[in-house]
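Chemist: Quick one, input-v4.cif (mmCIF, C-alpha atoms and all ligand atoms):
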data_model
#
loop_
_atom_site.label_atom_id
_atom_site.label_comp_id
_atom_site.auth_asym_id
_atom_site.auth_seq_id
_atom_site.Cartn_x
_atom_site.Cartn_y
_atom_site.Cartn_z
CA MET A 1200 -1.94 -14.27 -50.35
CA THR A 1201 -2.94 -15.21 -46.82
CA ALA A 1202 -0.26 -16.04 -44.32
CA ARG A 1203 -2.60 -17.31 -41.62
CA PRO A 1204 -6.31 -17.45 -40.78
CA PRO A 1205 -7.67 -14.06 -39.60
CA VAL A 1206 -7.26 -13.55 -35.87
CA GLU A 1207 -10.62 -13.72 -34.15
CA LEU A 1208 -9.62 -12.94 -30.56
CA SER A 1209 -6.97 -10.63 -29.09
CA ILE A 1210 -6.07 -11.41 -25.48
CA ILE A 1211 -4.73 -8.32 -23.74
CA VAL A 1212 -2.57 -8.98 -20.69
CA PRO A 1213 -1.20 -6.02 -18.70
CA CYS A 1214 1.84 -7.09 -16.74
CA PHE A 1215 4.22 -5.65 -14.28
CA ASN A 1216 6.71 -7.98 -12.59
CA GLU A 1217 5.04 -11.19 -13.73
CA ALA A 1218 8.17 -13.03 -14.85
CA GLY A 1219 7.22 -16.10 -12.81
CA ASN A 1220 3.75 -16.34 -14.40
CA ILE A 1221 4.08 -15.65 -18.13
CA GLN A 1222 5.00 -19.16 -19.29
CA LEU A 1223 2.24 -20.70 -17.22
CA PHE A 1224 -0.28 -18.19 -18.59
CA TYR A 1225 0.73 -18.92 -22.16
CA ASN A 1226 0.49 -22.68 -21.61
CA ALA A 1227 -2.97 -22.26 -20.10
CA ILE A 1228 -4.25 -20.28 -23.10
CA CYS A 1229 -2.83 -22.83 -25.55
CA ARG A 1230 -4.59 -25.59 -23.63
CA VAL A 1231 -8.01 -23.92 -23.48
CA LEU A 1232 -8.39 -22.10 -26.81
CA THR A 1233 -7.95 -24.82 -29.38
CA ASP A 1234 -10.81 -23.98 -31.74
CA MET A 1235 -10.13 -20.38 -32.71
CA ALA A 1236 -7.40 -18.11 -34.07
CA TRP A 1237 -6.11 -15.94 -31.21
CA GLU A 1238 -3.21 -13.69 -30.33
CA ILE A 1239 -1.85 -12.58 -26.96
CA ILE A 1240 -0.55 -9.05 -26.44
CA PHE A 1241 1.46 -8.69 -23.25
CA VAL A 1242 1.79 -5.03 -22.29
CA ASP A 1243 4.75 -4.75 -19.97
CA ASP A 1244 5.86 -1.53 -18.28
CA ASP A 1245 9.54 -2.36 -18.45
CA SER A 1246 9.35 -4.61 -15.36
CA PRO A 1247 12.66 -4.84 -13.52
CA ASP A 1248 12.17 -8.60 -13.06
CA GLY A 1249 12.67 -9.27 -16.77
CA THR A 1250 9.05 -10.02 -17.73
CA SER A 1251 9.62 -8.63 -21.21
CA ARG A 1252 12.55 -10.98 -21.87
CA ILE A 1253 10.38 -13.96 -21.09
CA VAL A 1254 7.55 -12.68 -23.31
CA ALA A 1255 10.06 -12.04 -26.10
CA SER A 1256 11.46 -15.56 -25.90
CA ILE A 1257 7.97 -17.04 -26.24
CA ALA A 1258 7.11 -14.64 -29.06
CA GLN A 1259 10.21 -15.80 -30.91
CA GLN A 1260 8.75 -19.32 -30.98
CA ASP A 1261 5.08 -18.47 -31.50
CA ALA A 1262 4.01 -15.58 -33.74
CA ARG A 1263 0.63 -15.42 -31.99
CA VAL A 1264 2.37 -13.90 -28.98
CA ARG A 1265 3.40 -10.24 -29.02
CA LEU A 1266 5.04 -7.82 -26.66
CA VAL A 1267 4.24 -4.15 -26.20
CA ARG A 1268 6.92 -2.73 -23.98
CA ARG A 1269 6.43 0.71 -22.45
CA VAL A 1270 9.29 2.59 -20.89
CA GLU A 1271 8.92 5.23 -18.15
CA ARG A 1272 5.20 4.54 -17.97
CA ARG A 1273 3.04 2.84 -15.37
CA GLY A 1274 -0.61 1.98 -15.07
CA LEU A 1275 -2.97 -0.93 -15.56
CA SER A 1276 -5.74 0.95 -17.41
CA SER A 1277 -3.47 2.71 -19.87
CA ALA A 1278 -1.62 -0.57 -20.52
CA VAL A 1279 -4.93 -2.22 -21.42
CA ILE A 1280 -5.94 0.64 -23.71
CA GLU A 1281 -2.63 0.56 -25.55
CA GLY A 1282 -2.76 -3.23 -25.84
CA VAL A 1283 -6.21 -3.02 -27.42
CA LEU A 1284 -5.01 -0.32 -29.81
CA ALA A 1285 -2.01 -2.44 -30.81
CA SER A 1286 -4.23 -5.40 -31.75
CA THR A 1287 -6.73 -6.01 -34.56
CA ALA A 1288 -9.12 -8.89 -33.81
CA PRO A 1289 -12.87 -8.11 -33.71
CA LEU A 1290 -13.17 -9.73 -30.26
CA LEU A 1291 -11.05 -8.98 -27.22
CA VAL A 1292 -10.52 -10.22 -23.71
CA VAL A 1293 -8.59 -8.55 -20.91
CA MET A 1294 -6.96 -10.84 -18.36
CA ASP A 1295 -4.47 -10.49 -15.54
CA GLY A 1296 -1.13 -12.18 -16.12
CA ASP A 1297 -0.78 -13.66 -12.63
CA MET A 1298 -3.03 -16.74 -13.05
CA GLN A 1299 -5.78 -15.32 -10.80
CA HIS A 1300 -8.22 -15.30 -13.70
CA ASP A 1301 -9.48 -18.79 -14.47
CA GLU A 1302 -8.81 -19.41 -18.18
CA SER A 1303 -11.17 -22.40 -18.31
CA ILE A 1304 -14.22 -20.08 -18.57
CA LEU A 1305 -12.85 -18.36 -21.70
CA PRO A 1306 -15.07 -20.37 -24.09
CA GLN A 1307 -18.16 -19.35 -22.08
CA MET A 1308 -17.05 -15.73 -22.17
CA ILE A 1309 -16.42 -15.68 -25.89
CA ALA A 1310 -19.32 -17.73 -27.26
CA PRO A 1311 -21.99 -15.05 -26.61
CA LEU A 1312 -19.83 -12.45 -28.39
CA ARG A 1313 -19.07 -14.75 -31.29
CA GLU A 1314 -22.75 -15.54 -31.76
CA ASN A 1315 -23.55 -11.84 -31.49
CA ARG A 1316 -25.78 -12.28 -28.43
CA GLN A 1317 -23.80 -9.93 -26.17
CA ASP A 1318 -21.44 -6.94 -26.55
CA ILE A 1319 -19.57 -7.34 -23.27
CA MET A 1320 -19.07 -10.37 -21.05
CA VAL A 1321 -17.79 -9.85 -17.51
CA ALA A 1322 -16.24 -12.63 -15.44
CA SER A 1323 -17.81 -12.25 -12.00
CA ARG A 1324 -16.58 -13.34 -8.61
CA HIS A 1325 -19.82 -12.28 -6.97
CA MET A 1326 -22.58 -14.27 -8.62
CA GLU A 1327 -23.84 -17.81 -8.12
CA GLY A 1328 -20.89 -20.08 -8.85
CA GLY A 1329 -18.22 -17.38 -8.49
CA ASP A 1330 -15.87 -16.74 -5.61
CA SER A 1331 -13.25 -14.18 -4.58
CA ALA A 1332 -11.27 -16.64 -2.47
CA GLY A 1333 -7.93 -15.52 -3.88
CA LEU A 1334 -8.07 -11.92 -2.62
CA ALA A 1335 -4.91 -11.36 -0.60
CA HIS A 1336 -6.45 -10.72 2.83
CA ARG A 1337 -9.57 -9.69 4.72
CA GLY A 1338 -8.91 -5.99 4.12
CA ARG A 1339 -8.99 -6.64 0.38
CA HIS A 1340 -12.37 -8.39 0.66
CA LEU A 1341 -13.81 -5.37 2.42
CA LEU A 1342 -12.28 -2.99 -0.12
CA SER A 1343 -13.57 -5.04 -2.99
CA ARG A 1344 -17.11 -5.04 -1.58
CA THR A 1345 -17.02 -1.28 -0.97
CA GLY A 1346 -15.68 -0.69 -4.47
CA ILE A 1347 -18.48 -2.79 -5.97
CA LYS A 1348 -21.17 -0.88 -4.05
CA LEU A 1349 -19.69 2.47 -5.09
CA GLY A 1350 -19.33 1.35 -8.68
CA GLN A 1351 -22.91 0.10 -8.86
CA ILE A 1352 -24.28 3.47 -7.77
CA PHE A 1353 -22.87 5.00 -10.93
CA LEU A 1354 -23.76 2.26 -13.39
CA LYS A 1355 -26.68 2.04 -15.77
CA HIS A 1356 -26.18 -1.71 -16.10
CA PRO A 1357 -26.80 -4.12 -13.23
CA LEU A 1358 -23.52 -5.95 -12.74
CA THR A 1359 -22.49 -8.11 -9.82
CA ASP A 1360 -18.76 -7.39 -10.24
CA PRO A 1361 -18.07 -4.03 -11.92
CA MET A 1362 -14.54 -4.06 -10.46
CA SER A 1363 -13.59 -7.20 -12.34
CA GLY A 1364 -10.34 -7.09 -14.25
CA TYR A 1365 -11.44 -10.04 -16.42
CA PHE A 1366 -13.83 -9.21 -19.28
CA ALA A 1367 -14.41 -9.75 -22.98
CA PHE A 1368 -15.91 -7.31 -25.51
CA ARG A 1369 -16.42 -6.46 -29.14
CA ARG A 1370 -13.94 -4.04 -30.64
CA ASP A 1371 -16.66 -1.64 -31.87
CA CYS A 1372 -17.81 -1.28 -28.24
CA PHE A 1373 -14.33 -0.31 -27.19
CA ASN A 1374 -13.97 2.16 -30.05
CA GLN A 1375 -17.20 3.81 -29.01
CA ALA A 1376 -15.98 4.25 -25.42
CA LEU A 1377 -12.40 5.16 -26.31
CA PRO A 1378 -12.70 8.98 -26.46
CA LYS A 1379 -13.99 9.00 -22.88
CA LEU A 1380 -11.40 6.71 -21.29
CA THR A 1381 -8.94 8.47 -19.00
CA GLY A 1382 -6.48 5.59 -18.70
CA THR A 1383 -5.75 6.18 -15.02
CA GLY A 1384 -5.99 3.61 -12.22
CA PHE A 1385 -7.25 0.02 -12.32
CA LYS A 1386 -10.91 0.40 -13.27
CA ILE A 1387 -10.91 0.18 -17.03
CA LEU A 1388 -14.10 -1.91 -17.21
CA LEU A 1389 -16.04 0.52 -15.05
CA GLU A 1390 -14.86 3.44 -17.16
CA MET A 1391 -15.82 1.66 -20.34
CA MET A 1392 -19.31 0.95 -19.11
CA LEU A 1393 -19.82 4.48 -17.86
CA ALA A 1394 -18.97 5.65 -21.36
CA LEU A 1395 -21.39 3.30 -23.16
CA PRO A 1396 -25.14 3.76 -23.71
CA ARG A 1397 -27.71 1.75 -21.80
CA SER A 1398 -28.49 -0.27 -24.92
CA VAL A 1399 -25.18 -2.15 -24.71
CA ARG A 1400 -25.80 -5.87 -24.16
CA MET A 1401 -23.95 -7.26 -21.17
CA GLY A 1402 -23.65 -10.73 -19.75
CA GLU A 1403 -21.75 -12.29 -16.87
CA ALA A 1404 -20.04 -15.60 -16.28
CA PRO A 1405 -19.04 -16.80 -12.82
CA PHE A 1406 -15.48 -17.70 -11.97
CA ILE A 1407 -13.36 -18.46 -8.95
CA PHE A 1408 -10.67 -15.87 -8.37
CA ARG A 1409 -7.58 -17.93 -7.69
CA GLU A 1410 -4.57 -17.06 -5.64
CA ARG A 1411 -1.74 -15.35 -7.40
CA HIS A 1412 0.82 -17.85 -8.70
CA ALA A 1413 4.07 -15.86 -8.25
CA GLY A 1414 4.90 -12.25 -7.35
CA GLU A 1415 2.67 -9.76 -5.56
CA SER A 1416 -0.32 -7.44 -6.10
CA LYS A 1417 0.24 -3.87 -7.28
CA LEU A 1418 -3.09 -2.51 -6.09
CA GLY A 1419 -1.94 -0.03 -3.45
CA PRO A 1420 -3.31 3.09 -1.72
CA ILE A 1421 -2.46 5.36 -4.67
CA VAL A 1422 -4.60 3.26 -7.01
CA LEU A 1423 -7.53 3.39 -4.57
CA PHE A 1424 -7.13 7.10 -4.23
CA GLN A 1425 -7.28 7.47 -8.01
CA PHE A 1426 -10.45 5.36 -8.07
CA LEU A 1427 -12.24 7.60 -5.58
CA GLY A 1428 -10.94 10.57 -7.53
CA MET A 1429 -12.46 9.21 -10.73
CA LEU A 1430 -15.90 8.87 -9.09
CA VAL A 1431 -15.79 12.39 -7.62
CA GLU A 1432 -14.67 13.74 -10.97
CA ARG A 1433 -17.76 12.22 -12.60
CA VAL A 1434 -20.06 14.04 -10.20
CA ILE A 1435 -18.51 17.48 -9.97
CA GLY A 1436 -15.55 17.43 -12.34
CA HIS A 1437 -17.23 19.79 -14.80
CA ILE A 1438 -17.65 22.49 -12.13
CA ILE A 1439 -14.29 22.46 -10.34
CA PRO A 1440 -11.38 20.39 -11.64
CA MET A 1441 -10.69 17.25 -9.61
CA ARG A 1442 -7.07 18.22 -9.42
CA PHE A 1443 -7.99 21.15 -7.22
CA PHE A 1444 -9.66 18.87 -4.66
CA VAL A 1445 -6.66 16.58 -4.57
CA PHE A 1446 -4.46 19.62 -4.08
CA ALA A 1447 -6.64 20.91 -1.24
CA PHE A 1448 -6.70 17.44 0.34
CA VAL A 1449 -2.91 17.28 0.25
CA GLY A 1450 -2.82 20.79 1.73
CA ALA A 1451 -5.04 19.64 4.61
CA LEU A 1452 -2.66 16.75 5.27
CA GLY A 1453 0.13 19.34 5.31
CA ILE A 1454 -1.58 21.18 8.15
CA LEU A 1455 -1.62 17.95 10.17
CA VAL A 1456 2.05 17.33 9.42
CA ASN A 1457 2.83 20.90 10.44
CA LEU A 1458 1.03 20.51 13.79
CA ALA A 1459 2.55 17.11 14.57
CA VAL A 1460 6.13 18.03 13.69
CA SER A 1461 6.14 21.40 15.45
CA GLU A 1462 4.64 19.76 18.55
CA GLY A 1463 7.38 17.12 18.39
CA ALA A 1464 10.10 19.74 17.90
CA ARG A 1465 8.86 21.69 20.89
CA PHE A 1466 8.81 18.49 22.92
CA ALA A 1467 12.41 17.88 21.86
CA GLY A 1468 13.39 21.22 23.39
CA LEU A 1469 13.28 23.74 20.51
CA ASN A 1470 11.86 27.18 21.27
CA PHE A 1471 8.51 28.29 19.86
CA GLY A 1472 9.81 30.03 16.75
CA ALA A 1473 12.22 27.27 15.79
CA SER A 1474 9.63 24.52 16.24
CA GLN A 1475 7.07 26.45 14.15
CA LEU A 1476 9.65 26.78 11.41
CA THR A 1477 10.55 23.06 11.57
CA GLY A 1478 6.87 22.13 11.32
CA MET A 1479 6.37 24.41 8.35
CA ILE A 1480 9.36 23.07 6.46
CA ALA A 1481 8.26 19.48 7.12
CA ALA A 1482 4.79 20.34 5.80
CA ILE A 1483 6.13 21.97 2.64
CA ILE A 1484 8.39 19.00 1.92
CA THR A 1485 5.63 16.40 2.40
CA ASN A 1486 3.19 18.52 0.39
CA PHE A 1487 5.65 18.84 -2.42
CA PHE A 1488 6.21 15.10 -2.70
CA LEU A 1489 2.53 14.20 -2.24
CA ASN A 1490 1.59 16.65 -4.95
CA ASN A 1491 4.24 15.16 -7.17
CA CYS A 1492 2.85 11.62 -6.87
CA LEU A 1493 -0.90 12.30 -6.35
CA THR A 1494 -2.07 15.68 -7.63
CA TYR A 1495 0.26 15.71 -10.62
CA HIS A 1496 0.77 11.96 -10.97
CA ASP A 1497 0.29 12.31 -14.71
CA ARG A 1498 3.24 14.70 -15.06
CA PRO A 1499 5.58 14.22 -12.08
CA LEU A 1500 8.90 16.00 -11.80
CA LYS A 1501 11.78 13.55 -12.11
CA GLY A 1502 15.53 13.80 -11.65
CA TRP A 1503 17.42 15.88 -9.13
CA LEU A 1504 17.59 19.08 -11.15
CA ARG A 1505 13.87 19.28 -11.91
CA LEU A 1506 12.89 18.20 -8.42
CA SER A 1507 15.10 20.78 -6.74
CA THR A 1508 14.16 23.72 -8.97
CA GLY A 1509 10.51 22.67 -8.73
CA PHE A 1510 10.81 22.53 -4.97
CA ALA A 1511 12.41 25.98 -4.78
CA VAL A 1512 9.62 27.53 -6.88
CA PHE A 1513 7.01 25.68 -4.84
CA MET A 1514 8.49 26.95 -1.58
CA VAL A 1515 8.70 30.59 -2.70
CA GLY A 1516 5.21 30.38 -4.24
CA CYS A 1517 3.68 28.88 -1.10
CA SER A 1518 5.32 31.48 1.14
CA LEU A 1519 3.72 34.21 -0.96
CA GLY A 1520 0.48 32.22 -0.64
CA ALA A 1521 0.86 32.32 3.13
CA TYR A 1522 1.32 36.10 2.99
CA ALA A 1523 -1.78 36.44 0.83
CA ASN A 1524 -3.67 34.20 3.26
CA ILE A 1525 -2.73 36.29 6.31
CA GLY A 1526 -3.19 39.56 4.44
CA VAL A 1527 -6.71 38.77 3.27
CA ALA A 1528 -7.70 37.37 6.64
CA GLU A 1529 -6.50 40.50 8.43
CA MET A 1530 -8.22 42.79 5.98
CA ILE A 1531 -11.57 41.04 6.41
CA TYR A 1532 -11.12 40.80 10.14
CA HIS A 1533 -10.52 44.55 10.42
CA ALA A 1534 -13.56 45.22 8.27
CA ASP A 1535 -16.15 43.18 10.15
CA ARG A 1536 -14.50 41.41 13.11
CA HIS A 1537 -15.71 37.92 12.25
CA TRP A 1538 -12.70 35.85 13.16
CA SER A 1539 -13.75 32.50 11.63
CA GLN A 1540 -15.07 33.99 8.39
CA ALA A 1541 -11.92 36.04 7.99
CA SER A 1542 -9.63 33.06 8.45
CA ALA A 1543 -11.73 30.85 6.15
CA ALA A 1544 -11.54 33.49 3.41
CA GLY A 1545 -7.80 33.76 3.96
CA ALA A 1546 -7.39 29.99 3.71
CA VAL A 1547 -9.40 29.84 0.46
CA ILE A 1548 -7.27 32.58 -1.08
CA GLY A 1549 -4.14 30.78 0.09
CA VAL A 1550 -5.16 27.43 -1.45
CA VAL A 1551 -6.26 28.97 -4.74
CA TRP A 1552 -3.04 30.93 -4.96
CA ASN A 1553 -0.86 27.89 -4.21
CA TYR A 1554 -2.84 25.82 -6.68
CA ALA A 1555 -2.30 28.41 -9.40
CA VAL A 1556 1.45 28.52 -8.65
CA ALA A 1557 1.74 24.72 -8.59
CA SER A 1558 -0.24 24.15 -11.79
CA THR A 1559 1.39 26.88 -13.85
CA LEU A 1560 4.93 27.27 -12.52
CA VAL A 1561 5.94 24.00 -10.84
CA TRP A 1562 4.10 21.17 -12.63
CA ARG A 1563 3.68 22.73 -16.05
N1 LIG B 1601 1.53 -2.90 -17.64
C1 LIG B 1601 1.14 -2.82 -16.36
N2 LIG B 1601 1.40 -1.68 -15.67
N3 LIG B 1601 0.49 -3.85 -15.76
C2 LIG B 1601 0.13 -3.73 -14.48
C3 LIG B 1601 0.36 -2.56 -13.72
C4 LIG B 1601 1.04 -1.49 -14.37
O1 LIG B 1601 1.30 -0.44 -13.80
N4 LIG B 1601 -0.14 -2.75 -12.47
C5 LIG B 1601 -0.65 -3.99 -12.45
N5 LIG B 1601 -0.49 -4.59 -13.65
C6 LIG B 1601 -0.90 -5.95 -14.06
C7 LIG B 1601 -0.38 -7.03 -13.15
O2 LIG B 1601 0.88 -7.48 -13.55
C8 LIG B 1601 -1.44 -8.10 -13.32
O3 LIG B 1601 -1.23 -8.88 -14.47
C9 LIG B 1601 -2.72 -7.30 -13.49
O4 LIG B 1601 -2.31 -6.02 -13.96
C10 LIG B 1601 -3.50 -7.15 -12.18
O5 LIG B 1601 -2.65 -6.58 -11.19
P1 LIG B 1601 -2.59 -7.16 -9.70
O6 LIG B 1601 -1.60 -6.33 -8.98
O7 LIG B 1601 -2.43 -8.63 -9.70
O8 LIG B 1601 -4.05 -6.76 -9.20
P2 LIG B 1601 -4.92 -7.46 -8.07
O9 LIG B 1601 -4.89 -8.94 -8.22
O10 LIG B 1601 -4.55 -6.90 -6.74
O11 LIG B 1601 -6.36 -6.89 -8.46
C11 LIG B 1601 -7.22 -7.63 -9.29
O12 LIG B 1601 -8.47 -7.61 -8.73
C12 LIG B 1601 -9.10 -6.33 -8.73
C13 LIG B 1601 -10.40 -6.38 -8.03
O13 LIG B 1601 -10.24 -6.83 -6.73
C14 LIG B 1601 -7.25 -7.10 -10.71
O14 LIG B 1601 -7.94 -8.02 -11.54
C15 LIG B 1601 -7.98 -5.79 -10.83
O15 LIG B 1601 -8.16 -5.44 -12.21
C16 LIG B 1601 -9.30 -5.90 -10.15
O16 LIG B 1601 -9.95 -4.64 -10.20
MN MN B 1602 -3.63 -10.18 -9.25
#
Just dump the structure as structure tokens.
Ligand code: GDD
Ligand code: MN

Modeler:
Amino acid sequence: MTARPPVELSIIVPCFNEAGNIQLFYNAICRVLTDMAWEIIFVDDDSPDGTSRIVASIAQQDARVRLVRRVERRGLSSAVIEGVLASTAPLLVVMDGDMQHDESILPQMIAPLRENRQDIMVASRHMEGGDSAGLAHRGRHLLSRTGIKLGQIFLKHPLTDPMSGYFAFRRDCFNQALPKLTGTGFKILLEMMLALPRSVRMGEAPFIFRERHAGESKLGPIVLFQFLGMLVERVIGHIIPMRFFVFAFVGALGILVNLAVSEGARFAGLNFGASQLTGMIAAIITNFFLNNCLTYHDRPLKGWLRLSTGFAVFMVGCSLGAYANIGVAEMIYHADRHWSQASAAGAVIGVVWNYAVASTLVWR
């Protein structure tokens, strides 16, 4: 018994707050893909704007449309991975749900895969015939170019747009890369390619990146930070865990906060001791929250109880770290009188100590 022809193409669409775009996207796919059996999987991270309700109402009318709804989760890459895993067709395409990706090139993207001439097809904004006109502003153009340059340094395959969020591939390719995918950030294509051997066959098709139809972009500073983190991790991640560098980076920001706030407090009339204390508390608070959303973004503390107990442990732990820092520095200083070496050693001990406390006691 067959209920329907086998699905040949699964279209994976990550969405967060795309309520104003879903219907339009669905209409566009119906218009363009008339000669093959397809399905659309919308992966929605419980958008507050009701995206999932709109997907569900379409899915009720058309069984080719499905909803994967994730609760208490966020992230473009992991949404794509889970969408692929929830589907079954031998060919796949990943597309944004905001109408920026021109659906009219879908046939060109899929034909080479169907005819087994390519394994991956990337829609490129940066080749003859393509354009990135729809990027939000000039800053985004610059970022995009920098990202592409950085990405290309790490790639075995020459690609004009490794940052593209619009690409088609064979399922076996994905399965091969799957064990190496981290699922963080925006750069799922780049991660996939880094995980695949040089022999993978890749093609490109130009397209014009349109302006977003409704809603706004979610690519913010945290996503960029994760991207840089991923590249650094590839180079030195096997020697020292990336998390440690993020932790140290946050710590360095804390020093700046400390200096700025204690200066300000002194300016406002507090005495030396009180302004030092204010600066230190400000630094501990910012460090705690930055660590919660950057260093340990994969396991953040949530809710008042966890946040406040976590904060208390963090504060006590870091104070002990400060003692260790000063203690070690003094010891070395007394031994050989090299001021800068002594304080550097103290700082290293302090960071390592705090990192150990944070990773084992606070963000378990
Ligand atoms: N499920 C889920 N969860 N979807 C998300 C999330 C998330 O946390 N964040 C973003 N999305 C969805 C959006 O709803 C949209 O459909 C798609 O992922 C792309 O997000 P945008 O916020 O529109 O990204 P952009 O337009 O700024 O960036 C585009 O261009 C980049 C290169 O400049 C995307 O195509 C990127 O993939 C691409 O790297
Ligand atoms: Mn977009």

Chemist: Residues at most 7 Å from ligand MN 1602 (chain B), using all atoms listed in the file? Could they come as a list in words?

Modeler: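 Answer in the requested format: Asp1295, Asp1297, Gln1299, Arg1411 and Ser1416 of chain A.
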
Chemist: With C-alpha atoms retained, write the just-selected residues as a PDB file, in the frame of the given file.

Modeler:
ATOM      1  CA  ASP A1295      -4.470 -10.490 -15.540  1.00  0.00           C
ATOM      2  CA  ASP A1297      -0.780 -13.660 -12.630  1.00  0.00           C
ATOM      3  CA  GLN A1299      -5.780 -15.320 -10.800  1.00  0.00           C
ATOM      4  CA  ARG A1411      -1.740 -15.350  -7.400  1.00  0.00           C
ATOM      5  CA  SER A1416      -0.320  -7.440  -6.100  1.00  0.00           C
TER       6      SER A1416
END

Chemist: Set the cut-off to 9 Å, count only C-alpha atoms and all ligand atoms, and list whatever residues fall near ligand LIG 1601 (chain B) as an MDAnalysis selection string.

Modeler: chainID A and resid 1212:1217 1220 1241:1246 1268:1269 1272:1279 1294:1300 1331 1333:1335 1339:1340 1342:1344 1346 1360:1365 1384:1388 1408 1410:1411 1414:1419

Chemist: Which residue gives the smallest distance to Ile1309 in chain A among A:Arg1369, A:His1496, A:Arg1465, A:Arg1505, with only C-alpha atoms counted?

Modeler: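 Once distances to Ile1309 in chain A are computed over only C-alpha atoms, the minimum belongs to A:Arg1369.
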
Chemist: Nearest residue to Gln1425 in chain A out of A:Met1326, A:Cys1492, A:Ala1523, A:Ala1481, using all atoms listed in the file?

Modeler: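 Checking each candidate against Gln1425 in chain A, we get A:Cys1492 as the closest.
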
Chemist: Hey, what's within 12 Å of Asn1374 in chain A if we count all atoms listed in the file and toss same-chain stuff fewer than 5 positions away? As a ChimeraX atom specification, please?

Modeler: /A:1280,1283-1284,1287,1289-1291,1368-1369,1379-1380,1391,1394-1395

Chemist: May I have the residues within 12 Å of Gln1540 in chain A as a PDB file with C-alpha atoms, keeping the file's coordinate frame, using only C-alpha atoms and disregarding those fewer than 4 positions away in the same chain?

Modeler:
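And here's result.pdb as it stands now:
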ATOM      1  CA  VAL A1527      -6.710  38.770   3.270  1.00  0.00           C
ATOM      2  CA  ALA A1528      -7.700  37.370   6.640  1.00  0.00           C
ATOM      3  CA  GLU A1529      -6.500  40.500   8.430  1.00  0.00           C
ATOM      4  CA  MET A1530      -8.220  42.790   5.980  1.00  0.00           C
ATOM      5  CA  ILE A1531     -11.570  41.040   6.410  1.00  0.00           C
ATOM      6  CA  TYR A1532     -11.120  40.800  10.140  1.00  0.00           C
ATOM      7  CA  HIS A1533     -10.520  44.550  10.420  1.00  0.00           C
ATOM      8  CA  ALA A1534     -13.560  45.220   8.270  1.00  0.00           C
ATOM      9  CA  ASP A1535     -16.150  43.180  10.150  1.00  0.00           C
ATOM     10  CA  ARG A1536     -14.500  41.410  13.110  1.00  0.00           C
ATOM     11  CA  ALA A1544     -11.540  33.490   3.410  1.00  0.00           C
ATOM     12  CA  GLY A1545      -7.800  33.760   3.960  1.00  0.00           C
ATOM     13  CA  ALA A1546      -7.390  29.990   3.710  1.00  0.00           C
ATOM     14  CA  VAL A1547      -9.400  29.840   0.460  1.00  0.00           C
TER      15      VAL A1547
END

Chemist: Within 6 Å of Val1293 in chain A, counting only C-alpha atoms, which residues show up once you throw out same-chain ones fewer than 3 positions away? Write them as a PyMOL selection string, please.

Modeler: chain A and resi 1210-1211+1365-1366

Chemist: Which residues are close to Glu1403 in chain A, i.e. within 12 Å by only C-alpha atoms, leaving aside same-chain residues fewer than 5 positions away? Reply as a PyMOL selection string.

Modeler: chain A and resi 1304-1305+1307-1312+1317-1329+1356-1361+1363+1365-1368

Chemist: A:Asn1457, A:Gly1502, A:Ser1286, A:Lys1348: which is nearest Thr1477 in chain A, counting all atoms listed in the file?

Modeler: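 The closest residue to Thr1477 in chain A is A:Asn1457.
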
Chemist: Name the closest residue to Arg1313 in chain A among the candidates A:Val1512, A:Leu1208, A:Ile1421, A:Ala1543; distances are taken between atoms, counting only C-alpha atoms.

Modeler: A:Leu1208

Chemist: Let me make sure I understand: among A:Ala1482, A:Val1231, A:Leu1423, A:Val1292, which one has the smallest atom-to-atom distance to Gly1450 in chain A if we use only C-alpha atoms?

Modeler: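 Smallest distance to Gly1450 in chain A is found for A:Ala1482.
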